[in-house]
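Visitor: Input: one structure, supplied below.
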Amino acid sequence: MVQVLWLVIAILVLFSIGYLGYSRYLAQFVDLDDDRETPAHKYEDGQEYVPSKKPVLLGHHYSSIAGGAPIVGPITAGVLWGWLPALAWIAIGNPLMGAVHDFSALSASLRHEGKSIGYIIGEYIGERGKNMLLWFAFLTIILVVAVFALVVAIVFNAFPQAATASLIYIGLAVLLGVWLYQLDLPFLVGTGLFVALMFAGVWVGIQYPLALVPGDYPAGTIVLLGSGMSWLPAAGAFGANTAAWIPIILIYGAIASALPVWFLLQPRDYLSSFLLYTGVGGALVAVIVGTLLGTANQPLVTSLEPFYGFIGRNGAPLFPLLFITIACGTISGFHSLVSSGTTAKQLNRETDARAIGYGGMLGEGLLATVALICVAVVAPDVGGGIGLALPTFASGGAILLTSFGIPTSFGGPFMALVLVSFLLTSTDTAVRLGRYMMEEIVGTPETSVESFASDRYGNAALQTIPAYVLIASGSWATLWQLFGGANQLLAALALLTATVWLANWDDSKQLLSTGGPMAVMVAITVSGLLWLAFHSNLYTKFLDPSWMAEATTVQMISAVTQIALALVLVYLGLSLVKMGYDNIDEVRNGERAGGFSPGDD
């Protein structure tokens, strides 16, 4: 067993080297210049283009990218292959690939009026390439919605206290929005009041846990529905209570995505930032305090094995599945949508991109490290399914917080709320981003189908219904890795976009910093998606007589959907890589002039 303090030290050292050294080089490489006007100033409109101070924008950006995935991915990988390969992928991949990805997406957007990566790639390879990238991102969003809704339901089932606390948290966010934007009451007073009420909500959740279906819950749990929900899709795999929560969470995501941003999104993100800083920062400090002073209620050592072998505990190979199981926390294509979607429109100075783009991703790596430490301390038995390992973020975090004298009866529900708040944020934010993408694909609606696809409610249905079908398969590991593969391939395409931009900017620019990670991620993700399509679904399901004999119609439809989705994503990804390569080849061989300068729009 190894003291988890050494895991924290290793991450802090490597991340510090990356930020102090490599990020400084990248800032010089893309010629960040504070004398150059940013899109936030050039197009300031008080709504989307708004110059923001670096600490404020860093908090917003960090809250947007640090969802539930950097918690779920390391936990899943840690229990399958051990904590060592998971830690190595986070510690090395984050500063060399993930932080480069976020920084380059933000920098490229700065040079293109704060536009999205879809717009940028379209500038160089044409409208067809732009639409292909937008379709790729939209399909990835459906996977994001599916896996996050499932994980929220799993945590609600394991910690019904978090269900009550989450309802209070959402209600407080709405009231805070009214306080700030409708009543125009004092900001600092509102912050102090609602943050205090949010933490009080954890205590209320402990006193009055909430479940939908009867089961083995803490004493005093309020059960809203009777039994007999076992007919719901995925109930056999995850339990009736979990299956009952899933459609409710999807409906919440659809409704929340259609609400004005001031009503829920902005105040909720603001409140969640306090959960984020308290949960992540508190856990890291707790490791140091608990180890050095011995104040934790049990030794803070790794009970999880460092390495379970190349073939994981569920029979999955380490390559390529480890690298798509841990997506967010190391590298995430979703971040490119945030960096080039909202952050670039609010950057006050170009040099702020280093701390926000590169540094923000390192911050998410710290969150992933905390998640890995939580599962390493608890070392759950995953014989009953990987879903049983997910709530260990809360139980492991509760053990860490005992270093401060916080009882596990409070620390567990609090850490569960930390996890759920990120997941709920990511779920409806993803649906909202999906609508933006579809609106860009459709343009001006000319048919009833196009009007439905771009409508905020119709588009929400186009995302949440397929997401529910995917969840219905009951196969958590396959669904999560399909999401990871799509997300990671989107990251490769964002790196491709940055590489194409650099090549067109100056044909003497080195392309290794972005092109190298892009090539690695294309190889990993295409291999992973093909494995999931042909092995995890076709071979182990449709070619298995026992599975065919027991599978329901919904499970078969879900498996076919996963196969089709994986193959479509591979086709779109490789097609875009080919288009980008052709563009770079033409520029480098003098067949096409780059003709781009840092100040061009």
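Letters A, B, ... mark the chains of the structure tokens in the order given; residue numbers begin at 1 per chain; ligand numbers begin at 1, in order shown.
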Just the residues within 10 Å of Ile170 of chain A, please, counting only C-alpha atoms, with nothing from its chain fewer than 2 positions along; format it as a list of chain:residue names.
Guide: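 That gives A:Ala165, A:Ser166, A:Leu167, A:Ile168, A:Leu172, A:Ala173, A:Val174, A:Leu175, A:Leu176, A:Met198, A:Leu264, A:Leu265, A:Pro267, A:Arg268, A:Leu271, A:Ser421, A:Leu424.
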Visitor: What does the file look like for those residues with C-alpha atoms, as a short mmCIF file (atom, residue, chain, number, x, y, z; two decimals), in the first residue's frame?
Guide:
data_model
loop_
_atom_site.label_atom_id
_atom_site.label_comp_id
_atom_site.auth_asym_id
_atom_site.auth_seq_id
_atom_site.Cartn_x
_atom_site.Cartn_y
_atom_site.Cartn_z
CA ALA A 165 -29.96 18.22 -1.24
CA SER A 166 -29.94 18.51 -5.05
CA LEU A 167 -33.58 19.56 -5.17
CA ILE A 168 -32.84 22.22 -2.57
CA LEU A 172 -31.83 27.95 -4.31
CA ALA A 173 -30.21 28.59 -7.69
CA VAL A 174 -33.54 29.76 -9.11
CA LEU A 175 -34.12 32.04 -6.10
CA LEU A 176 -30.59 33.43 -6.41
CA MET A 198 -26.81 25.43 0.13
CA LEU A 264 -30.96 28.79 -13.53
CA LEU A 265 -27.70 28.31 -15.44
CA PRO A 267 -26.72 31.30 -10.57
CA ARG A 268 -26.38 27.51 -10.42
CA LEU A 271 -23.18 28.23 -6.47
CA SER A 421 -24.06 19.22 -8.96
CA LEU A 424 -26.57 18.17 -13.45
#
Visitor: Taking into account only C-alpha atoms, which residue in the set A:Ser409, A:Ser52, A:Ser339, A:Asn131 is nearest to Ala162 of chain A?
Guide: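 Of A:Ser409, A:Ser52, A:Ser339, A:Asn131, the one nearest Ala162 of chain A is A:Ser409, counting only C-alpha atoms.
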Visitor: Write out as number ranges by chain the set of residues from segment 403-598 of chain A that DSSP, computed on the backbone, places in alpha helix (DSSP H).
Guide: A: 408-442, 448-454, 456-471, 476-505, 512-531, 545-550, 553-588
Visitor: Report as JSON lines the residues of segment 468-518 of chain A within 6 Å of segment 303-326 of chain A, each with its shortest atom pair and distance in Å (one decimal), using only C-alpha atoms, ordered by chain and increasing residue number.
Guide:
{"residue": "A:Gln481", "atom": "CA", "partner": "A:Thr325", "partner_atom": "CA", "distance": 5.3}
{"residue": "A:Gly484", "atom": "CA", "partner": "A:Ile324", "partner_atom": "CA", "distance": 4.6}
{"residue": "A:Gly485", "atom": "CA", "partner": "A:Ile324", "partner_atom": "CA", "distance": 5.1}
Visitor: Give me the residues within 12 Å of Val72 of chain A as a VMD selection string, counting only C-alpha atoms and dropping any in the same chain fewer than 6 places off.
Guide: chain A and resid 66 78 to 79 147 to 148 150 to 152 154 to 155 325 to 329 367 to 372 374 to 375 386 to 394 419 to 420 422 to 423 476 to 477 480 to 481 483 to 484
Visitor: Could the residues in this selection be saved with C-alpha atoms as a CSV table (one decimal), in the first residue's frame?
Guide:
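What ended up in part.csv:
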chain,number,residue,atom,x,y,z
A,66,ALA,CA,-15.2,20.5,-14.6
A,78,GLY,CA,-9.0,2.8,-11.3
A,79,VAL,CA,-11.2,-0.2,-10.3
A,147,VAL,CA,-24.0,8.9,-19.4
A,148,PHE,CA,-24.5,11.9,-17.0
A,150,LEU,CA,-27.4,7.6,-15.7
A,151,VAL,CA,-24.6,8.5,-13.2
A,152,VAL,CA,-26.8,11.1,-11.4
A,154,ILE,CA,-26.9,5.9,-9.7
A,155,VAL,CA,-25.6,8.4,-7.1
A,325,THR,CA,-12.4,5.6,-20.2
A,326,ILE,CA,-10.5,8.6,-18.6
A,327,ALA,CA,-11.6,11.3,-21.0
A,328,CYS,CA,-12.2,14.5,-19.0
A,329,GLY,CA,-9.4,15.0,-16.5
A,367,LEU,CA,-10.3,17.0,-9.7
A,368,ALA,CA,-9.6,13.7,-11.5
A,369,THR,CA,-6.8,13.0,-9.1
A,370,VAL,CA,-9.1,13.6,-6.1
A,371,ALA,CA,-11.6,11.1,-7.7
A,372,LEU,CA,-8.8,8.5,-8.1
A,374,CYS,CA,-11.2,8.5,-3.3
A,375,VAL,CA,-11.6,5.2,-5.0
A,386,ILE,CA,-19.1,-0.9,-12.1
A,387,GLY,CA,-22.1,1.2,-11.0
A,388,LEU,CA,-21.4,0.1,-7.5
A,389,ALA,CA,-18.0,1.8,-7.7
A,390,LEU,CA,-19.3,5.2,-8.7
A,391,PRO,CA,-20.6,6.3,-5.3
A,392,THR,CA,-17.2,5.7,-3.9
A,393,PHE,CA,-16.3,9.3,-4.7
A,394,ALA,CA,-18.6,10.3,-1.9
A,419,LEU,CA,-20.6,15.0,-7.8
A,420,VAL,CA,-24.2,15.4,-8.6
A,422,PHE,CA,-21.3,18.9,-11.6
A,423,LEU,CA,-23.3,16.2,-13.4
A,476,TRP,CA,-22.7,0.9,-18.2
A,477,ALA,CA,-19.1,0.1,-19.2
A,480,TRP,CA,-19.3,5.1,-20.8
A,481,GLN,CA,-16.5,4.0,-23.2
A,483,PHE,CA,-19.0,8.4,-24.8
A,484,GLY,CA,-15.2,8.5,-24.0
Visitor: Considering only C-alpha atoms, return as a PDB file with N, CA and C atoms, in the first residue's frame whatever protein or nucleic-acid residues lie within 10 Å of Pro517 of chain A, sequence-local ones (same chain, fewer than 2 positions apart) excluded.
Guide:
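That gives us result32.pdb:
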ATOM      1  N   GLY A  93      -0.661  12.846 -19.657  1.00  0.00           N
ATOM      2  CA  GLY A  93      -1.522  13.271 -20.750  1.00  0.00           C
ATOM      3  C   GLY A  93      -2.106  14.655 -20.580  1.00  0.00           C
ATOM      4  N   LEU A  96       0.560  17.576 -21.449  1.00  0.00           N
ATOM      5  CA  LEU A  96       1.101  17.469 -22.800  1.00  0.00           C
ATOM      6  C   LEU A  96       0.038  17.429 -23.876  1.00  0.00           C
ATOM      7  N   MET A  97      -1.193  17.046 -23.516  1.00  0.00           N
ATOM      8  CA  MET A  97      -2.234  16.895 -24.522  1.00  0.00           C
ATOM      9  C   MET A  97      -3.501  17.682 -24.170  1.00  0.00           C
ATOM     10  N   GLY A  98      -4.074  17.402 -23.001  1.00  0.00           N
ATOM     11  CA  GLY A  98      -5.337  18.037 -22.639  1.00  0.00           C
ATOM     12  C   GLY A  98      -5.239  19.542 -22.494  1.00  0.00           C
ATOM     13  N   VAL A 100      -2.912  21.456 -23.706  1.00  0.00           N
ATOM     14  CA  VAL A 100      -2.572  21.990 -25.031  1.00  0.00           C
ATOM     15  C   VAL A 100      -3.829  22.117 -25.877  1.00  0.00           C
ATOM     16  N   HIS A 101      -4.692  21.106 -25.801  1.00  0.00           N
ATOM     17  CA  HIS A 101      -5.959  21.118 -26.544  1.00  0.00           C
ATOM     18  C   HIS A 101      -6.816  22.316 -26.152  1.00  0.00           C
ATOM     19  N   ILE A 331      -7.897  14.677 -21.278  1.00  0.00           N
ATOM     20  CA  ILE A 331      -8.169  15.466 -22.481  1.00  0.00           C
ATOM     21  C   ILE A 331      -9.631  15.260 -22.838  1.00  0.00           C
ATOM     22  N   ALA A 491     -11.846  15.702 -29.358  1.00  0.00           N
ATOM     23  CA  ALA A 491     -10.623  16.399 -28.950  1.00  0.00           C
ATOM     24  C   ALA A 491      -9.577  16.335 -30.055  1.00  0.00           C
ATOM     25  N   ALA A 492      -9.453  15.166 -30.697  1.00  0.00           N
ATOM     26  CA  ALA A 492      -8.504  15.035 -31.805  1.00  0.00           C
ATOM     27  C   ALA A 492      -8.873  15.988 -32.938  1.00  0.00           C
ATOM     28  N   LEU A 495      -7.860  19.487 -32.025  1.00  0.00           N
ATOM     29  CA  LEU A 495      -6.417  19.626 -32.249  1.00  0.00           C
ATOM     30  C   LEU A 495      -6.108  19.721 -33.740  1.00  0.00           C
ATOM     31  N   LEU A 496      -6.862  18.981 -34.557  1.00  0.00           N
ATOM     32  CA  LEU A 496      -6.720  19.097 -36.009  1.00  0.00           C
ATOM     33  C   LEU A 496      -7.035  20.516 -36.460  1.00  0.00           C
ATOM     34  N   LEU A 512       4.141  20.046 -34.350  1.00  0.00           N
ATOM     35  CA  LEU A 512       4.243  18.886 -33.479  1.00  0.00           C
ATOM     36  C   LEU A 512       3.425  19.050 -32.198  1.00  0.00           C
ATOM     37  N   SER A 513       3.391  20.261 -31.641  1.00  0.00           N
ATOM     38  CA  SER A 513       2.726  20.468 -30.353  1.00  0.00           C
ATOM     39  C   SER A 513       1.245  20.107 -30.406  1.00  0.00           C
ATOM     40  N   THR A 514       0.591  20.408 -31.529  1.00  0.00           N
ATOM     41  CA  THR A 514      -0.822  20.061 -31.690  1.00  0.00           C
ATOM     42  C   THR A 514      -1.007  18.825 -32.565  1.00  0.00           C
ATOM     43  N   GLY A 515      -0.166  18.677 -33.588  1.00  0.00           N
ATOM     44  CA  GLY A 515      -0.297  17.547 -34.498  1.00  0.00           C
ATOM     45  C   GLY A 515       0.058  16.222 -33.863  1.00  0.00           C
ATOM     46  N   ALA A 519      -2.531  13.043 -33.615  1.00  0.00           N
ATOM     47  CA  ALA A 519      -2.293  11.724 -34.205  1.00  0.00           C
ATOM     48  C   ALA A 519      -2.477  10.618 -33.173  1.00  0.00           C
ATOM     49  N   VAL A 520      -1.986  10.853 -31.962  1.00  0.00           N
ATOM     50  CA  VAL A 520      -2.126   9.862 -30.894  1.00  0.00           C
ATOM     51  C   VAL A 520      -3.600   9.628 -30.579  1.00  0.00           C
ATOM     52  N   MET A 521      -4.360  10.710 -30.460  1.00  0.00           N
ATOM     53  CA  MET A 521      -5.761  10.579 -30.090  1.00  0.00           C
ATOM     54  C   MET A 521      -6.599   9.961 -31.204  1.00  0.00           C
ATOM     55  N   VAL A 522      -6.263  10.237 -32.456  1.00  0.00           N
ATOM     56  CA  VAL A 522      -6.986   9.602 -33.558  1.00  0.00           C
ATOM     57  C   VAL A 522      -6.784   8.092 -33.504  1.00  0.00           C
TER      58      VAL A 522
END
Visitor: So what do you get for atom CA of Gly580 of chain A versus atom CA of Arg435 of chain A, distance-wise?
Guide: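 Interatomic distance here is 26.0 Å.
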Visitor: How far is it from atom CA of Thr242 of chain A to atom CA of Leu470 of chain A, in Å with one decimal?
Guide: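 Atom CA of Leu470 of chain A lies 15.1 Å from atom CA of Thr242 of chain A.
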Visitor: Which residues are close to Gly360 of chain A, i.e. within 12 Å by only C-alpha atoms, leaving aside same-chain residues fewer than 2 positions away? Reply as a ChimeraX atom specification.
Guide: /A:15,19,23,54-55,57-66,94-95,98-103,106,329-331,335,338-339,343,352-358,362-367
Visitor: Given the selection you just returned, output its residues as a file containing N, CA and C atoms, formatted as a compact mmCIF listing (two decimals), in the first residue's frame.
Guide:
# COMPACT_ATOMS: atom_id res chain seq x y z
N PHE A 15 2.35 18.92 -12.88
CA PHE A 15 1.50 20.01 -13.36
C PHE A 15 2.21 21.36 -13.24
N TYR A 19 2.91 23.93 -16.32
CA TYR A 19 2.42 25.31 -16.38
C TYR A 19 3.56 26.32 -16.46
N SER A 23 3.58 25.78 -20.87
CA SER A 23 2.55 26.76 -21.20
C SER A 23 3.16 28.11 -21.57
N LYS A 54 -9.66 38.20 -15.26
CA LYS A 54 -9.12 36.85 -15.33
C LYS A 54 -9.64 35.92 -14.23
N PRO A 55 -9.66 36.33 -12.94
CA PRO A 55 -10.17 35.41 -11.91
C PRO A 55 -11.63 35.04 -12.12
N LEU A 57 -13.35 35.02 -15.06
CA LEU A 57 -13.51 34.15 -16.23
C LEU A 57 -12.92 32.77 -15.96
N LEU A 58 -11.84 32.71 -15.19
CA LEU A 58 -11.27 31.41 -14.84
C LEU A 58 -12.28 30.58 -14.04
N GLY A 59 -12.97 31.23 -13.10
CA GLY A 59 -13.97 30.51 -12.32
C GLY A 59 -15.11 30.00 -13.18
N HIS A 60 -15.58 30.83 -14.11
CA HIS A 60 -16.66 30.42 -15.00
C HIS A 60 -16.21 29.28 -15.91
N HIS A 61 -15.02 29.43 -16.49
CA HIS A 61 -14.51 28.41 -17.40
C HIS A 61 -14.29 27.08 -16.67
N TYR A 62 -13.71 27.15 -15.48
CA TYR A 62 -13.44 25.94 -14.71
C TYR A 62 -14.73 25.23 -14.33
N SER A 63 -15.73 26.00 -13.92
CA SER A 63 -17.02 25.39 -13.57
C SER A 63 -17.67 24.75 -14.78
N SER A 64 -17.46 25.33 -15.95
CA SER A 64 -18.08 24.81 -17.17
C SER A 64 -17.44 23.50 -17.62
N ILE A 65 -16.11 23.40 -17.50
CA ILE A 65 -15.45 22.19 -18.00
C ILE A 65 -15.38 21.09 -16.94
N ALA A 66 -15.35 21.48 -15.66
CA ALA A 66 -15.17 20.47 -14.60
C ALA A 66 -16.51 19.87 -14.20
N ASN A 94 -2.41 15.04 -19.34
CA ASN A 94 -3.04 16.34 -19.12
C ASN A 94 -2.15 17.50 -19.56
N PRO A 95 -0.93 17.66 -19.05
CA PRO A 95 -0.13 18.83 -19.45
C PRO A 95 0.38 18.78 -20.89
N GLY A 98 -4.07 17.40 -23.00
CA GLY A 98 -5.34 18.04 -22.64
C GLY A 98 -5.24 19.54 -22.49
N ALA A 99 -4.23 20.02 -21.76
CA ALA A 99 -4.07 21.46 -21.56
C ALA A 99 -3.70 22.14 -22.87
N VAL A 100 -2.91 21.46 -23.71
CA VAL A 100 -2.57 21.99 -25.03
C VAL A 100 -3.83 22.12 -25.88
N HIS A 101 -4.69 21.11 -25.80
CA HIS A 101 -5.96 21.12 -26.54
C HIS A 101 -6.82 22.32 -26.15
N ASP A 102 -7.03 22.52 -24.85
CA ASP A 102 -7.88 23.62 -24.40
C ASP A 102 -7.28 24.98 -24.77
N PHE A 103 -5.98 25.11 -24.56
CA PHE A 103 -5.29 26.36 -24.85
C PHE A 103 -5.32 26.67 -26.34
N LEU A 106 -8.80 27.74 -27.52
CA LEU A 106 -9.08 29.10 -27.08
C LEU A 106 -8.30 30.10 -27.93
N GLY A 329 -10.39 15.17 -17.54
CA GLY A 329 -9.37 14.96 -16.52
C GLY A 329 -8.01 14.82 -17.17
N THR A 330 -7.99 14.25 -18.39
CA THR A 330 -6.76 14.17 -19.17
C THR A 330 -6.90 14.99 -20.45
N ILE A 331 -7.90 14.68 -21.28
CA ILE A 331 -8.17 15.47 -22.48
C ILE A 331 -9.63 15.26 -22.84
N HIS A 335 -14.33 20.34 -23.97
CA HIS A 335 -13.70 21.60 -23.56
C HIS A 335 -13.50 22.55 -24.74
N VAL A 338 -16.46 24.65 -25.15
CA VAL A 338 -16.54 25.72 -24.15
C VAL A 338 -15.51 26.82 -24.46
N SER A 339 -14.27 26.41 -24.72
CA SER A 339 -13.20 27.39 -24.98
C SER A 339 -13.52 28.28 -26.17
N THR A 343 -15.91 31.15 -23.63
CA THR A 343 -14.72 31.74 -23.00
C THR A 343 -14.02 32.73 -23.90
N ASP A 352 -4.30 36.28 -20.90
CA ASP A 352 -5.12 35.56 -19.93
C ASP A 352 -5.42 34.14 -20.40
N ALA A 353 -5.27 33.89 -21.69
CA ALA A 353 -5.56 32.57 -22.24
C ALA A 353 -4.66 31.49 -21.65
N ARG A 354 -3.48 31.87 -21.23
CA ARG A 354 -2.56 30.87 -20.67
C ARG A 354 -3.10 30.31 -19.36
N ALA A 355 -3.51 31.19 -18.44
CA ALA A 355 -4.02 30.74 -17.15
C ALA A 355 -5.37 30.06 -17.30
N ILE A 356 -6.21 30.59 -18.17
CA ILE A 356 -7.57 30.07 -18.27
C ILE A 356 -7.61 28.80 -19.11
N GLY A 357 -6.97 28.80 -20.27
CA GLY A 357 -7.00 27.63 -21.14
C GLY A 357 -6.12 26.50 -20.63
N TYR A 358 -4.84 26.78 -20.46
CA TYR A 358 -3.91 25.74 -20.01
C TYR A 358 -4.09 25.45 -18.52
N LEU A 362 -5.44 22.01 -16.14
CA LEU A 362 -4.68 21.43 -15.04
C LEU A 362 -5.54 21.34 -13.79
N GLY A 363 -6.39 22.34 -13.58
CA GLY A 363 -7.30 22.31 -12.45
C GLY A 363 -8.25 21.13 -12.53
N GLU A 364 -8.73 20.82 -13.74
CA GLU A 364 -9.60 19.66 -13.88
C GLU A 364 -8.82 18.37 -13.62
N GLY A 365 -7.53 18.37 -13.96
CA GLY A 365 -6.70 17.21 -13.64
C GLY A 365 -6.61 16.98 -12.14
N LEU A 366 -6.62 18.06 -11.36
CA LEU A 366 -6.63 17.91 -9.91
C LEU A 366 -7.92 17.27 -9.43
N LEU A 367 -9.04 17.65 -10.05
CA LEU A 367 -10.31 17.02 -9.71
C LEU A 367 -10.28 15.52 -10.01
Visitor: Can you pull out every residue within 10 Å of Asp33 of chain A, counting only C-alpha atoms, but drop anything in the same chain fewer than 5 positions away, and send it as a list in words?
Guide: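 The filter keeps Ala27, Gln28, Thr38, Arg349, Glu350, Thr351, Asp352 and Pro598 of chain A.
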Visitor: Nearest residue to Gly226 of chain A out of A:Ala88, A:Ile248, A:Ile465, A:Ala211, using only C-alpha atoms?
Guide: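 Checking each of A:Ala88, A:Ile248, A:Ile465, A:Ala211 against Gly226 of chain A, counting only C-alpha atoms, the winner is A:Ala211.
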Visitor: Residues of segment 213-291 of chain A within 12 Å of segment 540-551 of chain A: nearest atom pair and distance (Å, one decimal) for each, counting only C-alpha atoms, sorted by chain and number, as a tab-separated table?
Guide:
residue	atom	partner	partner_atom	distance
A:Pro233	CA	A:Ala551	CA	11.5
A:Ala234	CA	A:Ala551	CA	11.5
A:Gly236	CA	A:Ala551	CA	11.3
Visitor: Any chance you can output those residues with N, CA, C and O atoms as an mmCIF file, in the first residue's frame?
Guide:
data_model
loop_
_atom_site.group_PDB
_atom_site.id
_atom_site.type_symbol
_atom_site.label_atom_id
_atom_site.label_comp_id
_atom_site.auth_asym_id
_atom_site.auth_seq_id
_atom_site.Cartn_x
_atom_site.Cartn_y
_atom_site.Cartn_z
ATOM 1 N N PRO A 233 -36.931 0.222 -18.381
ATOM 2 C CA PRO A 233 -35.663 -0.141 -19.019
ATOM 3 C C PRO A 233 -34.486 0.108 -18.080
ATOM 4 O O PRO A 233 -34.452 1.111 -17.358
ATOM 5 N N ALA A 234 -33.540 -0.810 -18.082
ATOM 6 C CA ALA A 234 -32.316 -0.751 -17.266
ATOM 7 C C ALA A 234 -32.561 -1.059 -15.804
ATOM 8 O O ALA A 234 -31.619 -1.036 -15.010
ATOM 9 N N GLY A 236 -33.265 -3.918 -14.523
ATOM 10 C CA GLY A 236 -32.572 -5.164 -14.203
ATOM 11 C C GLY A 236 -31.098 -4.971 -13.968
ATOM 12 O O GLY A 236 -30.493 -5.673 -13.156
#
